Structure formats: C-alpha cells, structure tokens
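Trainee: Here it is, the structure in full.
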Amino acid sequence: MIGAGLAAMLLGAPTWAQAPQPPASEAPGDAPPSIASPAPSPLLDMPLEDLLTLESTSVAKKRQRVADSAAAVYIITQEDIRRSSARTIPDLLRGVPGVEVAQPYTGGYAVTIRGFNSNIANTLLVMIDGRSIYVSTFSSIFWEQLLIPLNDIERIEVVRGPGATLWGANAVDGVINIVTRHSADAQGSQVDARAGPRFQDLALSHGARLANGLNYHLYGNLRHDRAMLLDNGQAASSDFYGATVGSRLDWEPNDRDAVTLQADYADGCYAYIRPEFNGNLLHPANELINVKSSFYTASTLLRWTRQQSSTVDWSLQAYYDRIYRNDFRTIRFTWQLADIDFGLHWKPNDVHDVNAGINTRIMHDHVAPDSIFNLTQPVRTDRWVSGYLQDDISLVPDTLRLTIGAKVEDNNFTGFELQPSARLFLRLKRNLSLWAAISRAVRTPSRIERSVDLVQPFIPAGAAGNSLPIPLFPEIFGSAGDNSSQLLAYEAGVRATLFRSWSLDIAAYYNRYSNLPAASPWRSIAISPAPNLPPIGIDLDIAVHFQGKAQTYGVESLLKGAVTKWWRTEFSWTHFQYSTALDPTTGQPYMLMSPLDFSPRDQFSLRNAFDISHRLSLSTQLRYVSKLRGAGVPAYTDANVRLSWQLASALDVSLIGENLLHSRRLEFGLGNYSTPLSYLPRQVTAEVQFRF
C-alpha cells in the first residue's frame with residue numbers, strides 16, 4: 001500500500017520533459033488536393049480495399065501498403081483530420097485502437113499505446129517527419145509543445161507494438177510518426193480560425209513555388225485554452241497559451257534527388273496545481289500551489305534522399321533540437337540533441353528487400369536543482385551509436401513473406417543493446433491475410449530514474465497508501481544501475497475484406513516485461529519531537545530499482561465500411577489486461593513507477609461521416625472508456641459532433657461540439673496523490689477556413 005501511494009506521487013508531477021521519410025508528395029496516389037481545392041475528398045468514395053492501399057513508412061522504413069504490413073497499423077488521413085472535432089494532435093488519437101489518451105491538467109496529456117499510461121508515459125516513440133521528439137532525460141513526450149496546425153499534417157501513422165528493430169531504444173509499445181505536408185502540396189495561403197468561450201486558435205499558412213522543383217511553406221499558430229475545472233466548477237489552474245512558427249523548403253532538382261529543410265520554434269506557458277509540504281512537523285499539511293510553467297523549443301532538420309538506381313535508394317538526415325523549460329517554480333531544464341542518420345534501401349531481386357542504416361546522436365542537458373528536486377549530476381552528456389539491418393524476404397510471391405532484422409545500439413550508460421524481430425505475413429486469399437511477429441525491445445532508463453533526489457509531499461496517517469497512525473515523509477532516490485527495461489512481444493493479426501466496402505482488422509498481443517522501474521523503501525527513520533517521546537512521523541527513503549516484471553495482453557479490432565455512398569462508419573474496440581510479478585522478498589507486487597491500472601480495460605469508438613450534400617457534411621464520434629482503477633476515474637461515455645458547410649470553393653464554416661454528454665468530465669487522476677482532480681468541460685466552437 002505504501003509503495004502504491006508513493007508510485008502515484010512520483011507520477012503526479014507533470015512532465016518536463018530517426019530515420020528519413022520520403023517527401024509527402026511521394027505518398028499514396030490518393031493524396032488530398034492542395035489547399036486551393038474544394039474541401040470534399042475522394043477518400044470517402046473509395047471502397048475499403050482501396051483505402052487499405054494507403055501506405056505507411058513507419059513499419060518497414062519504406063513505402064508499404066497498410067494491407068501488406070506485418071504489424072498493427074492505423075493511418076489518420078488528412079480527410080480524417082478535416083472531419084475531426086479534435087483541437088490538438090493527442091485529440092486526433094482518441095479512438096485509434098490500442099491508443100490511450102487522457103488529459104490530466106490544462107495543456108498536458110497522458111498518451112500511450114497498450115498500457116503504462118501516465119503523464120510521463122515512457123514506452124512510446126513519437127516522431128515528426130522522422131525526427132524523434134522523445135526526451136530522454138525524462139523518458140517522455142512533451143505533448144503541450146506540439147503546436148503544429150492540424151491542417152499542415154498530411155497523415156499520422158500509428159504503429160502499435162514494438163518498432164525498436166528499425167527505430168531503436170524506447171520504441172517499445174508503439175511508434176507514432178506525424179508526417180507534415182510537402183511544400184508542393186501546400187501552395188497558396190490559408191487562414192483557419194476556431195473560437196469558442198473556452199478555446200481560441202488561429203493558424204496561418206502560406207506556400208509558393210520559387211522555381212521549378214523548388215517550393216516553400218510557412219506556418220504560424222496561436223492557441224489559448226482556458227483552464228480545466230475543479231469538481232465545483234471553478235478553474236483548476238491558469239490558462240494555457242502557446243504559439244509556434246515553422247517553415248519547410250522542398251527542392252527536387254531532378255528525378256533522383258530530393259532535399260528537405262525544416263525549422264520551427266514554439267513557446268508557451270501553462271499552470272497546474274500540486275501539493276507541497278508546509279515544513280511543519282507538528283502540524284503537517286500539504287499546501288496546494290498553483291505552479292506556473294513555461295517552455296520554448298526550437299529545431300531544424302535537413303534531409304537528402306536519392307534514388308541511386310532502380311534497385312538502390314538512400315537517405316541522409318541530420319537534425320538539432322533544443323528545449324528550455326521552467327517548471328515547479330524554480331527548476332530550469334535545458335535539453336539539446338544532435339542526430340545524424342543514414343539509411344539505405346536495396347532491392348537486389350524479387351526475393352529480397354533490404355533496409356540498413358547507421359545512426360549517431362549526442363544529448364546534452366542541464367537541470368538546475370531546487371529545494372525539492374535535485375539530480376546527482378545536474379549536467380550530463382550522453383551519446384548513442386546504432387545500426388540496423390532488415391531483410392523482407394518473399395518466400396512465395398504475393399503470398400508469403402518473412403521479415404527478419406535487428407538493431408544494435410551502444411550508449412554510455414547501459415552499454416550494448418540488441419533488439420531483433422521476426423515478422424511473417426501470409427495472404428490466404430485476395431481478401432484475407434494473416435500476420436504474426438515476435439520482437440524484443442528495450443527502454444533505456446531516464447536521467448531521473450538514474451540520479452533523482454525528489455522530496456515528496458507527506459502522506460497523512462491513515463490515508464490511502466499509509467496504514468500507519470503517523471504521517472510518512474517520503475524522499476525518492478534514483479539508481480545508478482545500468483539495466484534497461486526489456487520487452488518480449490508476441491503479436492498476431494488478421495485482415496479481411498468482408499464484402500466490397502467493409503473490412504475487419506484484428507490484432508492480438510502478449511507482452512512480457514522485465515527490469516521495469518519500481519520503487520521500494522530502503523530506509524526509514526522515526527521522527528520524534530524530543531528524546532523518549534513517541535515518534536510523530538517517519539522519514540522514509542525510497543529507492544528506484546529495475547526489478548519490476550509484468551505481463552500485458554489484449555485485443556484490438558477495427559470494423560469500417562460504407563453503409564451507403566453518403567454514409568461511412570468505423571467501429572473500434574480495444575480490450576486490455578495485465579498481471580504483475582511478485583517481489584520475492586515481500587510477497588507483494590512490485591511497485592511500478594508507471595502503474596498498469598492507470599489504463600482502461602475496454603475502449604469503444606464509433607465514428608460516422610455523413611455527406612448530406614455536396615457542400616454539407618456531418619461527422620460524429622461516440623466513445624466509451626472504462627474506469628481507471630489506479631487513478632480513481634469512473635467509466636464514461638461521450639460524444640463529439642462536427643457540422644461543416646462549404647460556402648464556396650475557398651471558404652468552409654464548421655460548428656463543433658466536444659464532450660457533449662457531460663457538463664464536465666474526469667479523464668485522468670493521479671491516484672493517491674493529493675492534487676485536486678481536473679475536469680474536462682463541454683465545449684462548443686465555430687471554425688472558419690479560408691483559402692486564397
């Protein structure tokens with residue numbers, strides 16, 4: 001009980017926090033029209049077997065049809081984005097099979113795949129055009145910094161399951177690759193304004209051709225989100241403010257070469273409420289403090305791809321990221337990453353299709369300490385060197401394919417890591433295929449887990465997580481161990497076209513985790529006001545170690561198709577289960593620092609898209625999420641609606657309703673942590689899109 005409470009406390013504090021992709025213009029032939037074109041897209045008129053020809057580059061580091069992938073893949077298309085009621089990128093992920101999305105505080109999100117959800121979820125790799133935004137210091141993603149305008153996104157590729165063989169350490173339970181639009185597909189100017197009583201967003205973009213084969217695209221975004229609510233309807237914190245500017249230059253001097261240069265900058269501020277011990281041992285209390293945070297992030301990327309011959313193409317990519325954050329009032333965090341990646345694709349014959357590459361990266365961070373948070377090494381530089389080789393072997397043409405590969409990686413804190421995988425794809429019939437996979441993936445420990453000294457708020461006597469008659473005053477210490485968390489994953493799936501316009505996609509998995517980060521008391525000191533008097537509290541030291549074990553298993557299903565030419569529907573169901581191993585010394589479950597019971601057992605999503613007329617469309621989404629036992633969040637059902645009217649070829653107007661079934665709804669909690677819960681309110685906004 002004590003451990004569960006302490007683990008929840010550690011999770012309670014909001015986070016601070018590779019390989020080349022082909023240009024968007026080389027994406028599937030059914031790519032959306034340019035922004036100067038009318039809004040309706042032919043995607044909704046396509047039979048589902050054609051929709052499955054949409055290609056993903058995140059599974060095999062090459063263009064591959066989703067229908068031919070030996071993995072659980074979901075593509076969020078530009079048409080999906082246009083019809084969605086989403087305000088942010090995490091909102092777009094709601095309803096994707098196997099993906100868990102919740103908002104614990106204003107501006108922040110808890111996003112994961114297949115379990116271990118928290119606001120510091122650490123088993124998911126997220127990329128923008130192949131550039132990783134995973135912050136190794138905290139092993140997490142800063143979702144509040146992701147301010148790309150939604151209309152500038154070409155597609156989002158979601159791969160559930162390990163992707164470490166190609167993408168390296170930390171691609172444990174899934175990979176999300178956000179692909180932005182190629183400059184040639186974003187010509188002209190566009191203004192997108194969305195506003196309501198609680199949310200305002202203004203996005204501007206402009207693209208043009210400088211010369212034959214040379215195009216550029218500029219964008220900017222301003223966002224304001226009012227604070228989430230307390231149970232009594234009052235604001236839970238301060239509002240969220242964010243802004244970003246970005247540019248992309250695409251140059252194709254000939255039929256063989258393509259060069260992309262990208263740069264972006266974002267900054268923002270938000271706040272959250274957290275408890276802090278008042279320092280009075282005789283009258284202990286946790287004072288609630290409105291903690292204001294600010295951030296800025298800048299990045300630049302250069303990528304060169306070349307079709308060397310009809311059988312060989314390669315890519316060279318380099319990028320630099322810099323993040324600065326000011327959190328917890330006094331903690332200042334600076335993080336810098338430089339990455340260089342070379343990838344080679346070689347198809348020597350009709351049997352073999354080889355991908356290979358090498359990568360090196362250097363990370364430098366500086367975490368300035370404060371009275372409650374310290375690192376034993378405030379300044380550190382880490383480096384990684386890795387290489388991968390994967391062969392896609394056609395055993396029986398168009399019927400049976402075996403994909404085997406491995407990634408080897410070396411870093412200066414855990415040493416050598418090996419991450420192999422084997423995938424088998426079998427097409428039984430034109431409309432029926434099976435796939436199976438076995439993979440090994442690792443997550444390297446964060447700097448926090450390795451060297452933190454974190455003073456926690458006290459736990460009152462008799463409170464959840466403390467069965468003692470006196471308070472506990474915990475302090476958490478990192479471990480200098482060199483163990484990585486490891487996953488051995490077994491996956492299988494089936495895809496079937498039931499009839500011309502309907503398709504079923506089912507994936508099942510069984511995951512075995514070892515060396516998970518856990519926390520255990522290792523020293524306790526009784527606190528007494530004077531000698532020979534009874535203690536008034538216990539100073540409890542907690543150590544992070546990497547001995548946790550767990551097993552997860554589940555099923556993800558997706559049924560989609562067309563009821564009529566003007567009505568398309570999509571239904572998804574996700575079921576998740578887990579078990580944890582017992583600590584042999586105590587006989588109790590390991591106290592995981594990312595509790596599995598913060599994930600729902602079941603999720604349902606029903607999406608409908610109606611083309612009422614050529615200019616009028618209606619989109620709806622009904623979602624159910626079962627209770628989060630560890631977070632104290634009850635099950636909920638909610639609905640989103642978007643009604644869009646194309647007034648002219650260059651002007652669209654939409655009315656959007658979110659969370660319509662509740663005046664305010666709880667999505668995520670922090671377990672036994674004493675922070676007040678934040679509720680997501682009902683919202684109604686109007687959106688205007690103008691292209692010129």
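Convention: chains lettered A, B, ... in structure tokens order; per-chain residue numbering from 1; ligands numbered from 1 as shown.
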Would you please extract all strand (DSSP E or B) residues from region 370-465 of chain A, as assigned by DSSP on the backbone, and give them as a ChimeraX atom specification?

Mentor: /A:373-375,379-396,400-411,415-429,432-443,452-455,459

Trainee: Those residues with C-alpha atoms, as a short mmCIF file (atom, residue, chain, number, x, y, z; two decimals), in the first residue's frame please?

Mentor:
```
data_model
loop_
_atom_site.label_atom_id
_atom_site.label_comp_id
_atom_site.auth_asym_id
_atom_site.auth_seq_id
_atom_site.Cartn_x
_atom_site.Cartn_y
_atom_site.Cartn_z
CA PHE A 373 14.21 18.27 -6.81
CA ASN A 374 17.86 17.51 -7.46
CA LEU A 375 19.96 15.33 -9.73
CA VAL A 379 24.86 18.46 -16.18
CA ARG A 380 25.43 15.42 -18.36
CA THR A 381 26.19 14.42 -21.94
CA ASP A 382 25.02 11.06 -23.29
CA ARG A 383 25.75 9.51 -26.67
CA TRP A 384 24.27 6.70 -28.77
CA VAL A 385 25.65 4.81 -31.79
CA SER A 386 23.44 2.28 -33.55
CA GLY A 387 22.95 0.30 -36.72
CA TYR A 388 20.18 -1.85 -38.13
CA LEU A 389 19.69 -4.45 -40.84
CA GLN A 390 16.35 -5.84 -42.00
CA ASP A 391 15.51 -8.17 -44.87
CA ASP A 392 12.00 -8.52 -46.27
CA ILE A 393 12.06 -11.98 -47.89
CA SER A 394 9.37 -13.00 -50.38
CA LEU A 395 9.11 -16.77 -49.81
CA VAL A 396 6.08 -17.18 -52.08
CA LEU A 400 4.14 -15.47 -48.01
CA ARG A 401 6.72 -13.00 -46.73
CA LEU A 402 9.23 -13.22 -43.87
CA THR A 403 10.81 -10.09 -42.42
CA ILE A 404 13.79 -10.52 -40.10
CA GLY A 405 16.09 -7.90 -38.70
CA ALA A 406 17.89 -6.47 -35.71
CA LYS A 407 19.07 -3.17 -34.29
CA VAL A 408 22.32 -2.98 -32.33
CA GLU A 409 22.89 0.04 -30.17
CA ASP A 410 25.56 1.23 -27.76
CA ASN A 411 25.33 4.08 -25.28
CA GLY A 415 26.15 -0.24 -22.88
CA PHE A 416 25.25 -2.66 -25.67
CA GLU A 417 21.61 -3.30 -26.61
CA LEU A 418 20.26 -5.85 -29.13
CA GLN A 419 16.72 -5.53 -30.47
CA PRO A 420 15.76 -8.23 -33.01
CA SER A 421 12.43 -9.08 -34.57
CA ALA A 422 10.83 -11.56 -36.95
CA ARG A 423 7.56 -10.95 -38.80
CA LEU A 424 5.57 -13.28 -41.04
CA PHE A 425 2.87 -12.21 -43.49
CA LEU A 426 0.54 -14.69 -45.23
CA ARG A 427 -2.12 -13.80 -47.80
CA LEU A 428 -4.56 -16.71 -47.84
CA LYS A 429 -6.87 -15.07 -50.36
CA LEU A 432 -7.90 -12.43 -46.32
CA SER A 433 -4.43 -12.15 -44.80
CA LEU A 434 -2.72 -13.18 -41.56
CA TRP A 435 0.41 -11.90 -39.85
CA ALA A 436 2.46 -12.73 -36.75
CA ALA A 437 5.53 -11.24 -35.09
CA ILE A 438 7.95 -11.71 -32.23
CA SER A 439 10.12 -8.78 -31.12
CA ARG A 440 12.48 -7.66 -28.42
CA ALA A 441 12.63 -4.00 -27.42
CA VAL A 442 14.28 -2.03 -24.63
CA ARG A 443 13.72 1.29 -22.91
CA VAL A 452 16.97 11.87 -8.93
CA ASP A 453 16.61 13.12 -5.34
CA LEU A 454 12.94 14.06 -5.05
CA VAL A 455 11.27 15.25 -1.83
CA ILE A 459 1.25 11.20 3.38
#
```

Trainee: Nearest to Ala71 (chain A) among A:Ile506, A:Leu498, A:Ile372, A:Val354, with distances taken over only C-alpha atoms: which residue is it?

Mentor: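 Result for the nearest residue to Ala71 (chain A): A:Ile506.
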
Trainee: Please identify which residues in region 420-603 of chain A DSSP calls helix (DSSP H, G or I) from the backbone, and express them as a ChimeraX atom specification.

Mentor: /A:447-451,596-598

Trainee: Identify which of the residues A:Pro253, A:Gly213, A:Gly632, A:Gly343 lies closest to Ser183 (chain A), counting only C-alpha atoms when measuring atom-to-atom distances.

Mentor: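 Counting only C-alpha atoms, the residue closest to Ser183 (chain A) is A:Gly213.
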
Trainee: For a quick check of understanding, using only C-alpha atoms, which of A:Glu475, A:Glu287, A:Asp350, A:Asp257 has the smallest distance to Trp314 (chain A)?

Mentor: A:Asp257

Trainee: Can you list, as a tab-separated table (two decimals) with N, CA and C atoms, in the first residue's frame, every protein, DNA or RNA residue that comes within 6 Å of Ala635 (chain A) when you count only C-alpha atoms, leaving out same-chain residues fewer than 3 positions away?

Mentor:
```
chain	number	residue	atom	x	y	z
A	625	VAL	N	-14.96	4.74	-22.45
A	625	VAL	CA	-13.71	4.38	-21.80
A	625	VAL	C	-14.05	3.83	-20.43
A	626	SER	N	-13.61	2.61	-20.14
A	626	SER	CA	-13.91	2.02	-18.84
A	626	SER	C	-13.09	2.70	-17.74
A	627	LYS	N	-13.39	2.40	-16.50
A	627	LYS	CA	-12.79	3.10	-15.37
A	627	LYS	C	-11.29	2.85	-15.28
```

Trainee: Using only C-alpha atoms, which protein or nucleic acid residues come within 8 Å of Pro521 (chain A)? Drop anything in the same chain fewer than 2 positions from it, and give the result as a ChimeraX atom specification.

Mentor: /A:3,519,523-524,540-543

Trainee: Given only C-alpha atoms as the basis, pick out the residue of A:Leu666, A:Met228, A:Ala496, A:Ile113 nearest to Arg430 (chain A).

Mentor: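 Nearest candidate to Arg430 (chain A) out of A:Leu666, A:Met228, A:Ala496, A:Ile113: A:Ala496.
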
Trainee: Considering only C-alpha atoms, tabulate each residue of region 436-538 of chain A that lies at most 8 Å from region 275-283 of chain A along with its nearest interatomic pair and the corresponding distance in Å to one decimal; arrange the rows by chain and ascending residue number and present them as a Markdown table.

Mentor:
```
| residue | atom | partner | partner_atom | distance |
| --- | --- | --- | --- | --- |
| A:Gln456 | CA | A:Glu276 | CA | 7.6 |
| A:Pro457 | CA | A:Phe277 | CA | 4.9 |
| A:Phe458 | CA | A:Phe277 | CA | 6.1 |
| A:Ile536 | CA | A:Leu282 | CA | 7.4 |
| A:Gly537 | CA | A:Leu281 | CA | 7.8 |
```

Trainee: So which one's closest to Leu301 (chain A), A:Arg155, A:Arg607, A:Arg248, A:Arg256? Using only C-alpha atoms, please.

Mentor: A:Arg248

Trainee: What is the CA of Ser557 (chain A)-CA of Phe604 (chain A) distance in Å, reported with one decimal?

Mentor: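 Going from CA of Ser557 (chain A) over to CA of Phe604 (chain A), I get 9.8 Å.
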
Trainee: For a quick check of understanding, using only C-alpha atoms, which of A:Ile448, A:Val555, A:Leu124, A:Leu472 has the smallest distance to Ile538 (chain A)?

Mentor: A:Leu472
